[in-house]
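Coordinates as given in model_16.pdb (PDB, C-alpha atoms):
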```
ATOM      1  CA  MET R   1     -10.739 -26.370  -9.265
ATOM      2  CA  SER R   2      -6.957 -26.090  -9.181
ATOM      3  CA  CYS R   3      -6.603 -23.004  -7.094
ATOM      4  CA  GLY R   4      -3.241 -23.818  -5.520
ATOM      5  CA  SER R   5      -1.507 -24.908  -8.714
ATOM      6  CA  GLY R   6      -0.691 -21.368  -9.772
ATOM      7  CA  GLU R   7      -3.111 -21.486 -12.691
ATOM      8  CA  PRO R   8      -5.818 -18.839 -12.804
ATOM      9  CA  THR R   9      -9.312 -20.001 -12.012
ATOM     10  CA  THR R  10     -12.052 -18.721 -14.297
ATOM     11  CA  VAL R  11     -15.282 -17.879 -12.528
ATOM     12  CA  LYS R  12     -18.220 -16.060 -14.047
ATOM     13  CA  THR R  13     -18.414 -12.601 -12.560
ATOM     14  CA  GLY R  14     -21.620 -11.487 -14.246
ATOM     15  CA  GLU R  15     -25.146 -12.802 -13.971
ATOM     16  CA  ALA R  16     -26.635 -15.281 -16.396
ATOM     17  CA  PRO R  17     -27.618 -13.488 -19.610
ATOM     18  CA  ALA R  18     -31.170 -13.082 -20.730
ATOM     19  CA  PRO R  19     -32.033 -15.000 -23.930
ATOM     20  CA  ASP R  20     -31.778 -11.914 -26.162
ATOM     21  CA  SER R  21     -28.845 -10.198 -24.427
ATOM     22  CA  ALA R  22     -25.077 -10.400 -24.837
ATOM     23  CA  PRO R  23     -23.122 -13.210 -23.131
ATOM     24  CA  ALA R  24     -22.056 -12.785 -19.528
ATOM     25  CA  LYS R  25     -18.704 -11.226 -18.723
ATOM     26  CA  GLN R  26     -15.991 -13.552 -17.526
ATOM     27  CA  GLY R  27     -12.909 -12.608 -15.609
ATOM     28  CA  TRP R  28     -10.289 -13.884 -13.197
ATOM     29  CA  LYS R  29     -11.540 -14.153  -9.699
ATOM     30  CA  CYS R  30     -10.224 -16.030  -6.700
ATOM     31  CA  PRO R  31     -13.200 -16.995  -4.558
ATOM     32  CA  LEU R  32     -11.139 -16.893  -1.355
ATOM     33  CA  SER R  33      -9.465 -13.526  -1.844
ATOM     34  CA  ASP R  34     -12.480 -11.598  -3.021
ATOM     35  CA  ALA R  35     -12.690  -9.479   0.108
ATOM     36  CA  HIS R  36     -14.910  -6.517  -0.646
ATOM     37  CA  VAL R  37     -13.416  -3.263   0.582
ATOM     38  CA  HIS R  38     -15.455  -0.116   0.077
ATOM     39  CA  ARG R  39     -13.686   2.762  -1.618
ATOM     40  CA  GLU R  40     -15.057   5.186   0.939
ATOM     41  CA  ASP R  41     -13.427   3.189   3.750
ATOM     42  CA  VAL R  42     -10.100   3.256   1.909
ATOM     43  CA  ARG R  43     -10.411   7.001   1.283
ATOM     44  CA  LYS R  44     -11.275   7.620   4.921
ATOM     45  CA  VAL R  45      -8.272   5.632   6.189
ATOM     46  CA  TRP R  46      -5.991   7.317   3.620
ATOM     47  CA  LYS R  47      -7.167  10.782   4.675
ATOM     48  CA  GLU R  48      -6.739   9.952   8.375
ATOM     49  CA  CYS R  49      -3.239   8.627   7.704
ATOM     50  CA  GLN R  50      -2.276  11.757   5.806
ATOM     51  CA  GLU R  51      -3.596  14.097   8.487
ATOM     52  CA  GLU R  52      -2.231  12.170  11.450
ATOM     53  CA  SER R  53       1.173  11.639   9.862
ATOM     54  CA  PHE R  54       1.380  15.391   9.298
ATOM     55  CA  TRP R  55       0.224  16.523  12.732
ATOM     56  CA  TYR R  56       1.770  13.787  14.898
ATOM     57  CA  ARG R  57       5.046  12.986  13.125
ATOM     58  CA  ALA R  58       6.028  15.241  10.198
ATOM     59  CA  LEU R  59       5.295  18.663  11.697
ATOM     60  CA  PRO R  60       6.840  18.003  15.127
ATOM     61  CA  LEU R  61       9.992  16.468  13.619
ATOM     62  CA  SER R  62      10.267  19.269  11.103
ATOM     63  CA  VAL R  63       9.914  22.001  13.718
ATOM     64  CA  GLY R  64      12.199  20.142  16.116
ATOM     65  CA  SER R  65      14.948  19.662  13.557
ATOM     66  CA  MET R  66      14.701  23.303  12.546
ATOM     67  CA  ALA R  67      14.937  24.357  16.200
ATOM     68  CA  VAL R  68      18.009  22.182  16.779
ATOM     69  CA  THR R  69      19.625  23.473  13.582
ATOM     70  CA  GLY R  70      18.839  27.062  14.570
ATOM     71  CA  GLY R  71      20.353  26.455  18.003
ATOM     72  CA  LEU R  72      23.512  24.983  16.477
ATOM     73  CA  ILE R  73      23.847  27.952  14.161
ATOM     74  CA  TYR R  74      23.135  30.437  16.981
ATOM     75  CA  ASN R  75      25.768  28.838  19.252
ATOM     76  CA  GLY R  76      28.354  28.863  16.493
ATOM     77  CA  VAL R  77      28.659  25.093  16.083
ATOM     78  CA  TRP R  78      27.468  25.477  12.481
ATOM     79  CA  LYS R  79      28.137  28.552  10.420
ATOM     80  CA  SER R  80      25.422  30.315   8.505
ATOM     81  CA  SER R  81      25.898  31.071   4.839
ATOM     82  CA  ALA R  82      27.530  34.407   4.090
ATOM     83  CA  ARG R  83      25.163  35.019   1.197
ATOM     84  CA  PHE R  84      21.848  33.500   2.389
ATOM     85  CA  GLY R  85      22.241  33.378   6.158
ATOM     86  CA  PRO R  86      20.822  30.460   8.162
ATOM     87  CA  PHE R  87      17.827  29.864   5.856
ATOM     88  CA  PRO R  88      19.229  27.109   3.577
ATOM     89  CA  LYS R  89      20.274  24.957   6.539
ATOM     90  CA  LEU R  90      16.962  25.564   8.280
ATOM     91  CA  ALA R  91      15.040  24.680   5.122
ATOM     92  CA  VAL R  92      16.999  21.443   4.614
ATOM     93  CA  ALA R  93      16.515  20.514   8.273
ATOM     94  CA  GLY R  94      12.783  21.189   7.978
ATOM     95  CA  LEU R  95      12.415  19.137   4.803
ATOM     96  CA  LEU R  96      14.403  16.220   6.205
ATOM     97  CA  GLY R  97      12.381  16.280   9.426
ATOM     98  CA  PHE R  98       9.162  16.333   7.422
ATOM     99  CA  ALA R  99      10.247  13.405   5.219
ATOM    100  CA  VAL R 100      11.437  11.338   8.184
ATOM    101  CA  GLY R 101       8.194  12.061  10.033
ATOM    102  CA  LYS R 102       6.077  10.892   7.115
ATOM    103  CA  ALA R 103       8.229   7.785   6.697
ATOM    104  CA  LEU R 104       7.915   6.900  10.384
ATOM    105  CA  TYR R 105       4.116   6.793  10.096
ATOM    106  CA  VAL R 106       4.071   4.217   7.267
ATOM    107  CA  GLY R 107       3.859   1.238   9.642
ATOM    108  CA  THR R 108       0.842   2.687  11.421
ATOM    109  CA  CYS R 109      -0.947   3.326   8.130
ATOM    110  CA  ARG R 110      -0.094  -0.156   6.886
ATOM    111  CA  SER R 111      -1.682  -1.688   9.993
ATOM    112  CA  ARG R 112      -4.830   0.382   9.436
ATOM    113  CA  PHE R 113      -5.119  -0.842   5.861
ATOM    114  CA  GLN R 114      -4.615  -4.404   7.077
ATOM    115  CA  GLU R 115      -7.561  -3.937   9.433
ATOM    116  CA  LEU R 116      -9.666  -3.150   6.339
ATOM    117  CA  GLY R 117      -8.583  -6.400   4.717
ATOM    118  CA  ILE R 118      -5.840  -5.067   2.463
ATOM    119  CA  LYS R 119      -2.867  -7.270   3.307
ATOM    120  CA  ASP R 120       0.262  -5.732   1.762
ATOM    121  CA  GLY R 121      -0.895  -2.347   0.586
ATOM    122  CA  PRO R 122      -1.553  -0.976  -2.874
ATOM    123  CA  GLY R 123       0.489  -2.465  -5.715
ATOM    124  CA  THR R 124       0.685  -5.985  -4.312
ATOM    125  CA  GLY R 125      -1.659  -8.893  -3.844
ATOM    126  CA  PRO R 126      -4.444 -10.266  -5.996
ATOM    127  CA  TRP R 127      -5.756  -6.780  -6.896
ATOM    128  CA  SER R 128      -2.427  -5.700  -8.349
ATOM    129  CA  ARG R 129      -2.141  -4.762 -12.000
ATOM    130  CA  ARG R 130       1.494  -5.849 -12.015
ATOM    131  CA  GLY R 131       3.031  -9.258 -11.677
ATOM    132  CA  PRO R 132       3.478 -12.500 -13.551
ATOM    133  CA  SER R 133      -0.158 -12.736 -14.619
ATOM    134  CA  GLY R 134       0.022  -9.618 -16.783
ATOM    135  CA  PRO R 135      -1.727  -6.287 -16.551
ATOM    136  CA  GLY R 136      -5.287  -6.500 -15.309
ATOM    137  CA  LEU R 137      -5.280 -10.285 -14.823
ATOM    138  CA  ARG R 138      -5.717 -11.771 -11.400
ATOM    139  CA  GLN R 139      -4.389 -15.088 -10.212
ATOM    140  CA  CYS R 140      -5.603 -17.107  -7.306
ATOM    141  CA  GLN R 141      -2.858 -17.302  -4.687
ATOM    142  CA  HIS R 142      -4.727 -19.554  -2.267
ATOM    143  CA  GLU R 143      -4.610 -23.302  -1.948
ATOM    144  CA  CYS R 144      -7.963 -25.032  -1.915
ATOM    145  CA  ASP R 145      -8.811 -27.857   0.473
ATOM    146  CA  GLU R 146      -8.968 -30.234  -2.503
ATOM    147  CA  CYS R 147      -5.484 -29.157  -3.597
ATOM    148  CA  LYS R 148      -4.091 -29.666  -0.102
ATOM    149  CA  LYS R 149      -5.365 -33.261  -0.059
ATOM    150  CA  LYS R 150      -3.679 -34.153  -3.374
ATOM    151  CA  PRO R 151      -0.085 -35.337  -3.065
ATOM    152  CA  GLN R 152       2.193 -33.017  -5.019
ATOM    153  CA  ALA R 153       4.122 -34.687  -7.809
ATOM    154  CA  ALA R 154       7.915 -34.558  -7.646
ATOM    155  CA  PRO R 155       9.465 -32.170 -10.161
ATOM    156  CA  ALA R 156      10.683 -33.830 -13.337
ATOM    157  CA  GLU R 157      14.446 -34.169 -13.653
ATOM    158  CA  GLU R 158      16.069 -32.573 -16.656
ATOM    159  CA  VAL R 159      18.892 -34.381 -18.425
TER
END
```
Translate this structure into structure tokens?
Amino acid sequence: MSCGSGEPTTVKTGEAPAPDSAPAKQGWKCPLSDAHVHREDVRKVWKECQEESFWYRALPLSVGSMAVTGGLIYNGVWKSSARFGPFPKLAVAGLLGFAVGKALYVGTCRSRFQELGIKDGPGTGPWSRRGPSGPGLRQCQHECDECKKKPQAAPAEEV
């Protein structure tokens, strides 16, 4: 098994076929990174992250930035629009506060997904559909104990 060499390792993912049935399915599978994460757990963490980021970061920052903007307009530091009044500036302040609040909660959500066993988040890692291995193919990114024991050959020099 050459798991650390960057080559994909083929492991049977299906059961042995019955004599009269079709052959077993084969696919790419890294035996060390096959952490099973239930979809319901991922959905639960995602929903909690969405709700908590709204209530604890996005909404307070949005309301706070709108209050500060309203105070600046009321005190004459900023001028309200002659045509629309203070509403465009309040809306922009609210949207920016909301976006910043959501962005500030990303680290907390990332740590929750890491607790589930998802290391870098969706779109990266061995479950990714992108990357050098092509769409849908998975490569083993771990180094086996056997591979660690082998001395690595020096790269060949090009002339």
Tell me, in Å to one decimal, how far CA of Lys79 in chain R is from CA of Gly94 in chain R.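 Separating CA of Lys79 in chain R from CA of Gly94 in chain R is a distance of 17.2 Å.
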Would you kindly translate the PyMOL selection byres ((chain R and resi 54) around 12) into the concrete residues it picks from this file, as a PyMOL selection string? chain R and resi 47-53+55-63+97-106
Write out, as a PDB file, in the frame of the given file, the residues just selected, with C-alpha atoms.
```
ATOM      1  CA  LYS R  47      -7.167  10.782   4.675  1.00  0.00           C
ATOM      2  CA  GLU R  48      -6.739   9.952   8.375  1.00  0.00           C
ATOM      3  CA  CYS R  49      -3.239   8.627   7.704  1.00  0.00           C
ATOM      4  CA  GLN R  50      -2.276  11.757   5.806  1.00  0.00           C
ATOM      5  CA  GLU R  51      -3.596  14.097   8.487  1.00  0.00           C
ATOM      6  CA  GLU R  52      -2.231  12.170  11.450  1.00  0.00           C
ATOM      7  CA  SER R  53       1.173  11.639   9.862  1.00  0.00           C
ATOM      8  CA  TRP R  55       0.224  16.523  12.732  1.00  0.00           C
ATOM      9  CA  TYR R  56       1.770  13.787  14.898  1.00  0.00           C
ATOM     10  CA  ARG R  57       5.046  12.986  13.125  1.00  0.00           C
ATOM     11  CA  ALA R  58       6.028  15.241  10.198  1.00  0.00           C
ATOM     12  CA  LEU R  59       5.295  18.663  11.697  1.00  0.00           C
ATOM     13  CA  PRO R  60       6.840  18.003  15.127  1.00  0.00           C
ATOM     14  CA  LEU R  61       9.992  16.468  13.619  1.00  0.00           C
ATOM     15  CA  SER R  62      10.267  19.269  11.103  1.00  0.00           C
ATOM     16  CA  VAL R  63       9.914  22.001  13.718  1.00  0.00           C
ATOM     17  CA  GLY R  97      12.381  16.280   9.426  1.00  0.00           C
ATOM     18  CA  PHE R  98       9.162  16.333   7.422  1.00  0.00           C
ATOM     19  CA  ALA R  99      10.247  13.405   5.219  1.00  0.00           C
ATOM     20  CA  VAL R 100      11.437  11.338   8.184  1.00  0.00           C
ATOM     21  CA  GLY R 101       8.194  12.061  10.033  1.00  0.00           C
ATOM     22  CA  LYS R 102       6.077  10.892   7.115  1.00  0.00           C
ATOM     23  CA  ALA R 103       8.229   7.785   6.697  1.00  0.00           C
ATOM     24  CA  LEU R 104       7.915   6.900  10.384  1.00  0.00           C
ATOM     25  CA  TYR R 105       4.116   6.793  10.096  1.00  0.00           C
ATOM     26  CA  VAL R 106       4.071   4.217   7.267  1.00  0.00           C
TER      27      VAL R 106
END
```
Could you write out as a list in words the residues that the PyMOL selection byres ((chain R and resi 90) around 9) matches in the shown file? Ser65, Met66, Ala67, Thr69, Gly70, Pro86, Phe87, Pro88, Lys89, Ala91, Val92, Ala93, Gly94 and Leu95 of chain R
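Pairwise distance (CA of Ser111 in chain R, CA of Arg43 in chain R) equals 15.1 Å.
Taking CA of Ala82 in chain R and CA of Val68 in chain R as endpoints, the distance between them is 20.0 Å.
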Using all atoms listed in the file, which of R:Val45, R:Ile73, R:Ser81, R:Glu40 sits nearest Glu115 in chain R?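 Of the candidates, the smallest distance to Glu115 in chain R is held by R:Val45.
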